[in-house]
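Participant: Coordinates in my_file-v7.txt, compact mmCIF, C-alpha atoms, are listed below.
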```txt
# COMPACT_ATOMS: atom_id res chain seq x y z
CA MET A 1 -57.50 150.48 -97.93
CA PRO A 2 -57.36 147.29 -95.82
CA VAL A 3 -54.66 144.71 -96.31
CA THR A 4 -55.59 141.06 -95.94
CA SER A 5 -53.17 138.83 -94.13
CA SER A 6 -53.68 135.17 -94.88
CA ALA A 7 -50.14 134.01 -95.58
CA PRO A 8 -49.15 131.49 -92.92
CA ALA A 9 -45.52 130.47 -92.85
CA SER A 10 -45.98 126.74 -93.15
CA VAL A 11 -47.96 124.78 -95.69
CA SER A 12 -49.61 122.65 -93.01
CA ASN A 13 -51.24 125.75 -91.47
CA GLN A 14 -52.64 127.01 -94.76
CA PRO A 15 -56.28 126.82 -95.79
CA SER A 16 -56.91 124.05 -98.32
CA TYR A 17 -57.37 126.49 -101.20
CA LEU A 18 -53.85 127.84 -100.61
CA SER A 19 -52.16 124.48 -100.14
CA SER A 20 -53.40 123.39 -103.55
CA LEU A 21 -51.51 126.34 -105.03
CA ARG A 22 -48.28 125.21 -103.36
CA ARG A 23 -47.90 121.79 -104.96
CA GLU A 24 -44.97 122.93 -107.05
CA GLU A 25 -41.43 122.86 -105.70
CA ARG A 26 -40.47 126.32 -104.42
CA LEU A 27 -37.24 128.27 -104.30
CA GLU A 28 -36.37 131.08 -101.91
CA ILE A 29 -34.60 133.71 -103.97
CA ALA A 30 -33.98 137.46 -104.20
CA LEU A 31 -34.43 138.79 -107.73
CA PRO A 32 -35.50 142.21 -108.98
CA ALA A 33 -38.93 142.22 -110.59
CA ARG A 34 -41.41 144.62 -112.13
CA LEU A 35 -45.09 144.62 -111.28
CA ILE A 36 -47.25 146.19 -113.94
CA PHE A 37 -50.76 147.44 -113.23
CA PRO A 38 -52.62 147.43 -116.56
CA ARG A 39 -54.77 150.56 -116.77
CA VAL A 40 -57.56 151.50 -119.15
CA ASN A 41 -57.25 154.73 -121.17
CA THR A 42 -53.90 155.65 -119.62
CA ALA A 43 -50.35 154.34 -119.38
CA ASP A 44 -49.77 151.18 -117.36
CA GLU A 45 -48.16 151.72 -113.97
CA THR A 46 -44.85 149.92 -113.32
CA ILE A 47 -43.83 149.22 -109.72
CA PRO A 48 -40.46 147.79 -108.65
CA GLY A 49 -40.39 144.71 -106.48
CA ILE A 50 -38.22 141.89 -105.23
CA LEU A 51 -39.07 138.28 -105.99
CA LEU A 52 -38.66 136.35 -102.70
CA ASP A 53 -40.11 132.96 -103.54
CA LEU A 54 -40.64 131.27 -106.89
CA SER A 55 -42.32 128.16 -108.24
CA ALA A 56 -43.72 127.11 -111.60
CA SER A 57 -47.19 128.04 -110.33
CA GLY A 58 -46.56 131.40 -108.69
CA CYS A 59 -44.35 133.72 -106.71
CA GLN A 60 -44.05 135.92 -103.66
CA LEU A 61 -43.08 139.54 -104.26
CA LEU A 62 -42.02 142.30 -101.89
CA THR A 63 -42.70 145.93 -102.75
CA ASP A 64 -43.15 149.28 -101.02
CA GLN A 65 -46.67 150.67 -101.01
CA ARG A 66 -45.30 154.22 -101.34
CA PHE A 67 -44.42 153.43 -104.97
CA SER A 68 -48.08 153.55 -106.05
CA LEU A 69 -51.49 154.70 -104.93
CA LEU A 70 -52.76 151.39 -106.37
CA LEU A 71 -51.05 149.49 -103.54
CA PRO A 72 -52.05 147.40 -101.72
CA PRO A 73 -53.98 145.43 -104.30
CA SER A 74 -57.02 143.46 -103.21
CA SER A 75 -57.17 139.69 -103.51
CA SER A 76 -57.95 138.55 -107.05
CA THR A 77 -56.36 141.67 -108.57
CA ARG A 78 -54.72 140.84 -111.89
CA LEU A 79 -51.30 142.29 -112.61
CA VAL A 80 -48.42 141.53 -114.94
CA VAL A 81 -44.95 140.50 -113.75
CA GLU A 82 -41.54 140.58 -115.40
CA PHE A 83 -38.23 139.19 -114.12
CA PHE A 84 -35.07 137.44 -115.26
CA PHE A 85 -34.02 134.09 -113.80
CA ASP A 86 -30.60 133.22 -115.19
CA ASP A 87 -31.15 132.78 -118.94
CA LEU A 88 -34.92 132.63 -118.56
CA GLU A 89 -36.77 135.86 -119.34
CA ILE A 90 -40.25 136.10 -117.89
CA ARG A 91 -41.95 139.02 -119.63
CA GLN A 92 -45.53 140.26 -119.57
CA VAL A 93 -46.85 137.25 -117.63
CA PRO A 94 -50.29 137.78 -116.05
CA ILE A 95 -50.53 137.03 -112.32
CA GLN A 96 -53.36 137.11 -109.81
CA VAL A 97 -52.92 138.29 -106.22
CA VAL A 98 -53.90 135.50 -103.81
CA TRP A 99 -52.91 137.22 -100.57
CA THR A 100 -51.24 140.38 -99.28
CA LYS A 101 -49.42 140.92 -96.03
CA LYS A 102 -48.11 144.18 -94.60
CA VAL A 103 -44.44 143.95 -93.57
CA GLY A 104 -43.31 146.79 -91.33
CA ASN A 105 -44.64 150.28 -91.99
CA TYR A 106 -44.66 150.42 -95.79
CA GLN A 107 -43.58 147.14 -97.33
CA LEU A 108 -46.05 144.65 -98.75
CA SER A 109 -45.60 140.97 -99.44
CA LEU A 110 -47.80 139.70 -102.27
CA GLY A 111 -48.54 136.03 -102.87
CA CYS A 112 -49.40 135.60 -106.54
CA LYS A 113 -50.25 132.78 -108.90
CA PHE A 114 -49.33 132.74 -112.58
CA VAL A 115 -52.46 133.03 -114.70
CA ASP A 116 -51.05 132.31 -118.15
CA LEU A 117 -47.39 131.28 -117.92
CA PRO A 118 -46.31 129.77 -121.26
CA THR A 119 -45.69 126.02 -121.05
CA ALA A 120 -42.04 126.36 -122.11
CA ALA A 121 -41.41 128.91 -119.34
CA ARG A 122 -43.21 126.73 -116.76
CA LEU A 123 -41.09 123.70 -117.68
CA ALA A 124 -37.88 125.75 -117.64
CA LEU A 125 -38.74 127.20 -114.22
CA ARG A 126 -39.51 123.73 -112.86
CA ALA A 127 -36.19 122.37 -114.10
CA GLU A 128 -34.10 125.29 -112.79
CA ILE A 129 -35.82 125.27 -109.39
CA ALA A 130 -35.31 121.51 -109.03
CA LYS A 131 -31.64 121.90 -110.01
CA ARG A 132 -31.05 124.66 -107.45
CA ASN A 133 -32.94 122.88 -104.69
CA SER A 134 -30.85 119.75 -105.24
CA GLY A 135 -27.71 121.78 -104.59
CA SER A 136 -26.28 121.67 -108.11
CA GLY A 137 -27.58 125.05 -109.27
CA TRP A 138 -24.97 127.50 -108.05
```
Render the structure in this file as structure tokens.
Facilitator:
Amino acid sequence: MPVTSSAPASVSNQPSYLSSLRREERLEIALPARLIFPRVNTADETIPGILLDLSASGCQLLTDQRFSLLLPPSSSTRLVVEFFFDDLEIRQVPIQVVWTKKVGNYQLSLGCKFVDLPTAARLALRAEIAKRNSGSGW
């Protein structure tokens, strides 16, 4: 299965459709996360990952494609993500894969946007990210 690679490092090099997704303040971070592939007529598949980048509009996740035959996902694939960010619990939040990039032999970096993040969670993420980026978060 082919992996698309359209994740330039800097915002200025990104296609316009990607730069519009990056209007939110971002935070580089390393947090454990769960990716959940919803499946019809069978149990959902849960895949471990590491949250590398976070904003109120989306995230970047790192996972190992050997965890699931469903990896790598194609662009526009809808998944569910769960993670904890200090006191904030993000559970069962739908995301959509915007891009995938192979990292090394087996690791995959996934750029995802939140599809239906509750307003309270979005505001809390925004506030915590701004606090940490200003240097008063840790």
Participant: Measuring between all atoms listed in the file, which one of A:Phe114, A:Asp53, A:Ser74, A:Ile47 shows the shortest distance to Glu25 of chain A?
Facilitator: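 Of A:Phe114, A:Asp53, A:Ser74, A:Ile47, the one nearest Glu25 of chain A, counting all atoms listed in the file, is A:Asp53.
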Participant: I'd like to know which of A:Thr42, A:Gln96, A:Ser57, A:Gln107 is closest to Leu71 of chain A, using all atoms listed in the file.
Facilitator: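 Checking each of A:Thr42, A:Gln96, A:Ser57, A:Gln107 against Leu71 of chain A, counting all atoms listed in the file, the winner is A:Gln107.
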Participant: Edge lengths and centre, in Å to one decimal, as AutoDock Vina command-line options: that's what I need for the box along x, y and z that holds all listed atoms of segment 83-88 of chain A plus 5 Å on each side.
Facilitator:
```
--center_x -34.4 --center_y 135.9 --center_z -116.4 --size_x 17.6 --size_y 16.6 --size_z 15.1
```
Participant: Could you jot down the atom CA of Asn133 of chain A to atom CA of Phe85 of chain A separation for me, Å, one decimal place?
Facilitator: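 If I compute the distance from atom CA of Asn133 of chain A to atom CA of Phe85 of chain A, I get 14.5 Å.
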Participant: May I ask for the distance between atom CA of Thr119 of chain A and atom CA of Val40 of chain A, given in Å to one decimal place?
Facilitator: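 Between atom CA of Thr119 of chain A and atom CA of Val40 of chain A the gap is 28.2 Å.
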Participant: Pick from A:Ala120, A:Ala43, A:Ala30, A:Val103: nearest to Ala56 of chain A, with all atoms listed in the file counted?
Facilitator: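 Of the candidates, the smallest distance to Ala56 of chain A is held by A:Ala120.
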Participant: Between atom CA of Gly58 of chain A and atom CA of Pro118 of chain A, what is the spacing in Å?
Facilitator: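 Those two atoms sit 12.7 Å apart.
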Participant: Under the rule that only C-alpha atoms are counted, which of A:Lys113, A:Arg91, A:Arg39, A:Arg34 is the nearest residue to Phe67 of chain A?
Facilitator: A:Arg34
